[in-house]
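The structure appears below as structure tokens.
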Amino acid sequence: QAIRFTANARWKITESGRLLLPKIGEVKVRWSRRLPSVPSSVTVIRDAAGRFFASFVVETDPDADLARMPGADGLPSVGIDLGLTHFAVLSDGTKIDSPRFLRRAEKKLKKAQRELSRKQKGSKNREKARLKVARAHAQVADARREFHHQLSTRLIRESQAVAVEDLAVKAFARTRLGKSVHDAGWAQFLAMLEYKAQRYARIFVKVGRFEPTSQVCSVCGVKDGPKPLHVRTWTCTHCGTVHDRDRNAAKNVKQAAGLAVTACRAQVRPGLVPAQREEAGSHGIHTGTRAAQRHSTR
């Protein structure tokens, strides 16, 4: 549910920081960030958990976004291998554990679902139970989104080029690993990486999903053949190098990023990037602001 107020609706932000809406009056706001310019409209959104958010349309300067990040010159390139045991393994050997937000909240969610199933349809108690379930799911989604935002921003800040595999997420979600794939939220994370790379003048490369990144030795380049998932380390039959499966895959993915940097030595200019729906502020609060939907041109 959403309602949009334009300038003609005579809404405004009061000096005390409250939001004055027509026919509603002053609404107390918990700001997630300072507005960079005067907003042209506001959209009030109510989610399934009964929470309200305020999303503003503002003008921003792409150069101002770029100034918030360090220059790309001298920064390394990074390859990323996404997985389930570890959420991500980087080409430098860094392993990032999977938070498994849904798995950790399963007990609480099951209890809330059981309580909902026992309520009489159409009753007020059932609506209260439904909201309880929705809020539990919202907490999981909020925590996952925050994790993705922090990690994607860190990778973009610390790298001049980022390479990932173009995963067939929908196909993975239909397998017996579907629940874990949904819990990891790969698609949301990759979308964040891509638009942040564009916004902050970084190079973003997707490696074809059929590239044998787990089968090729990153040292000598010899293809050693497919390996079952339970094989986490293997030795190259050609050069004798012992590989960690995930780090070797990340190193192979990185090759695409390295080639992209060589071919694109000229400074990358940030493009006009529409605001992402996930950027409507912190979803753990009642209202927030949204990054610019329109950008001023020079």
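Just remember, in the structure tokens the first chain shown is A, the second B, etc., residues are 1-based per chain, and ligands are 1-based in the order shown.
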* Asked: Excluding same-chain residues fewer than 6 positions from Val219 in chain A, what lies within 10 Å of it counting only C-alpha atoms, as JSON, numbers by chain?
  -> {"A": [236, 239, 240, 241, 243, 248, 251, 252]}
Please produce a file of the residues just selected, as a CSV table (one decimal), in the first residue's frame, where the atoms kept are N, CA and C atoms.
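Generated output (selection-v7.csv):
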chain,number,residue,atom,x,y,z
A,236,CYS,N,46.3,-30.3,-8.3
A,236,CYS,CA,46.4,-30.2,-9.7
A,236,CYS,C,47.4,-31.4,-10.2
A,239,CYS,N,50.7,-29.5,-12.2
A,239,CYS,CA,51.7,-28.7,-11.5
A,239,CYS,C,51.8,-29.1,-10.1
A,240,GLY,N,50.9,-29.9,-9.5
A,240,GLY,CA,51.0,-30.3,-8.2
A,240,GLY,C,50.5,-29.3,-7.1
A,241,THR,N,50.0,-28.2,-7.5
A,241,THR,CA,49.5,-27.2,-6.6
A,241,THR,C,48.2,-27.7,-5.9
A,243,HIS,N,44.9,-26.9,-4.0
A,243,HIS,CA,43.9,-25.8,-4.1
A,243,HIS,C,42.8,-26.0,-3.1
A,248,ASN,N,40.3,-21.1,-5.2
A,248,ASN,CA,40.8,-21.3,-6.6
A,248,ASN,C,39.7,-20.8,-7.6
A,251,LYS,N,39.9,-17.1,-7.7
A,251,LYS,CA,41.1,-16.6,-8.4
A,251,LYS,C,40.8,-16.6,-9.9
A,252,ASN,N,40.1,-17.7,-10.4
A,252,ASN,CA,39.8,-17.8,-11.8
A,252,ASN,C,38.8,-16.8,-12.2
With the cut-off set at 8 Å and counting only C-alpha atoms, tabulate each residue of range 166-249 of chain A with an atom at most that distance from an atom of range 54-76 of chain A, showing the nearest atom pair and its distance in Å to one decimal, ordered by chain and increasing number, as JSON lines.
{"residue": "A:Arg199", "atom": "CA", "partner": "A:Asp65", "partner_atom": "CA", "distance": 7.0}
{"residue": "A:Tyr200", "atom": "CA", "partner": "A:Leu66", "partner_atom": "CA", "distance": 5.1}
{"residue": "A:Ala201", "atom": "CA", "partner": "A:Leu66", "partner_atom": "CA", "distance": 7.1}
{"residue": "A:Arg202", "atom": "CA", "partner": "A:Ala72", "partner_atom": "CA", "distance": 7.1}
* Asked: Counting only C-alpha atoms, which of A:Ala257, A:Ala173, A:Ala49, A:Ala191 gets nearest to Asp142 in chain A?
  -> A:Ala49
* Using only C-alpha atoms, which of the listed residues (A:Leu151, A:Leu167, A:Val216, A:Leu193) sits closest to Thr237 in chain A? ->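 When distances to Thr237 in chain A are compared using only C-alpha atoms, the smallest one comes from A:Val216.
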Running DSSP on the backbone, which parts of range 63-230 of chain A land in strand (DSSP E or B), as a PDB file with C-alpha atoms, in the first residue's frame?
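That gives us result-v3.pdb:
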ATOM      1  CA  SER A  77      40.830  -6.220  -8.316  1.00  0.00           C
ATOM      2  CA  VAL A  78      38.848  -8.969  -6.617  1.00  0.00           C
ATOM      3  CA  GLY A  79      37.162 -12.156  -7.720  1.00  0.00           C
ATOM      4  CA  ILE A  80      34.222 -13.489  -5.694  1.00  0.00           C
ATOM      5  CA  ASP A  81      33.010 -17.058  -5.435  1.00  0.00           C
ATOM      6  CA  LEU A  82      29.571 -17.218  -3.816  1.00  0.00           C
ATOM      7  CA  HIS A  86      30.694 -19.537   3.160  1.00  0.00           C
ATOM      8  CA  PHE A  87      28.616 -16.720   1.730  1.00  0.00           C
ATOM      9  CA  ALA A  88      31.611 -15.537  -0.280  1.00  0.00           C
ATOM     10  CA  VAL A  89      35.250 -16.467  -0.762  1.00  0.00           C
ATOM     11  CA  LEU A  90      37.491 -13.748  -2.211  1.00  0.00           C
ATOM     12  CA  LYS A  95      36.278 -16.158   3.628  1.00  0.00           C
ATOM     13  CA  ILE A  96      33.021 -14.474   4.644  1.00  0.00           C
ATOM     14  CA  ASP A  97      30.726 -16.669   6.691  1.00  0.00           C
ATOM     15  CA  ALA A 161      37.237  -3.997 -10.288  1.00  0.00           C
ATOM     16  CA  VAL A 162      34.911  -6.727  -9.033  1.00  0.00           C
ATOM     17  CA  ALA A 163      34.212  -9.985 -10.845  1.00  0.00           C
ATOM     18  CA  VAL A 164      31.507 -12.529  -9.979  1.00  0.00           C
ATOM     19  CA  GLU A 165      29.922 -15.556 -11.569  1.00  0.00           C
ATOM     20  CA  ILE A 203      34.365  -1.956 -12.968  1.00  0.00           C
ATOM     21  CA  PHE A 204      31.892  -4.809 -12.542  1.00  0.00           C
ATOM     22  CA  VAL A 205      32.276  -8.023 -14.537  1.00  0.00           C
ATOM     23  CA  LYS A 206      30.068 -11.106 -14.680  1.00  0.00           C
ATOM     24  CA  VAL A 207      31.771 -14.339 -15.705  1.00  0.00           C
ATOM     25  CA  VAL A 216      40.753 -25.082 -13.780  1.00  0.00           C
ATOM     26  CA  LYS A 223      41.517 -28.087 -16.654  1.00  0.00           C
TER      27      LYS A 223
END
* **Between CA of Thr85 in chain A and CA of Lys196 in chain A, distance in Å (one decimal)** =>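 It comes out at 25.6 Å.
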* Could you pull out all residues of range 77-251 of chain A with a DSSP call of alpha helix (DSSP H) and give them as a PyMOL selection string? -> chain A and resi 101-117+124-158+169-173+178-184+186-199+245-251
* **Selection near range 125-135 of chain A, 12 Å with only C-alpha atoms, sequence-local residues under 2 positions removed, as a VMD selection string** => chain A and resid 47 to 51 105 to 123 137 to 142 283 to 285
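In this model, the gap between CA of Phe101 in chain A and CA of Arg144 in chain A comes to 6.6 Å.
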* To do: Find the spatial neighbours of Leu19 in chain A, counting only C-alpha atoms, within a cut-off of 10 Å - ignore same-chain residues fewer than 5 positions away - and output them as a list of chain:residue names.
  => A:Trp11, A:Lys12, A:Ile13, A:Thr14, A:Ile24, A:Gly25, A:Glu26, A:Val27, A:Lys28, A:Val29, A:Val42, A:Ala54
* Name all residues at most 9 Å from Arg4 in chain A (count only C-alpha atoms; drop same-chain ones fewer than 2 positions away) and give them as an MDAnalysis selection string. => chainID A and resid 2 6 41:45
Store the residues of this selection in a file with N, CA and C atoms, as a compact mmCIF listing (two decimals), in the first residue's frame.
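The result, written out as again-v1.txt:
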# COMPACT_ATOMS: atom_id res chain seq x y z
N ALA A 2 0.58 2.18 -0.90
CA ALA A 2 1.40 3.38 -1.01
C ALA A 2 0.55 4.54 -1.49
N THR A 6 2.63 15.00 -4.13
CA THR A 6 3.48 15.90 -4.91
C THR A 6 3.49 17.28 -4.24
N SER A 41 8.76 15.28 -4.05
CA SER A 41 7.57 14.52 -3.70
C SER A 41 7.92 13.51 -2.61
N VAL A 42 6.89 12.97 -2.00
CA VAL A 42 7.09 11.95 -0.98
C VAL A 42 6.05 10.85 -1.18
N THR A 43 6.47 9.63 -1.00
CA THR A 43 5.56 8.48 -1.08
C THR A 43 5.57 7.78 0.27
N VAL A 44 4.39 7.61 0.84
CA VAL A 44 4.25 6.92 2.12
C VAL A 44 3.84 5.48 1.83
N ILE A 45 4.62 4.54 2.35
CA ILE A 45 4.43 3.13 2.06
C ILE A 45 4.14 2.37 3.34
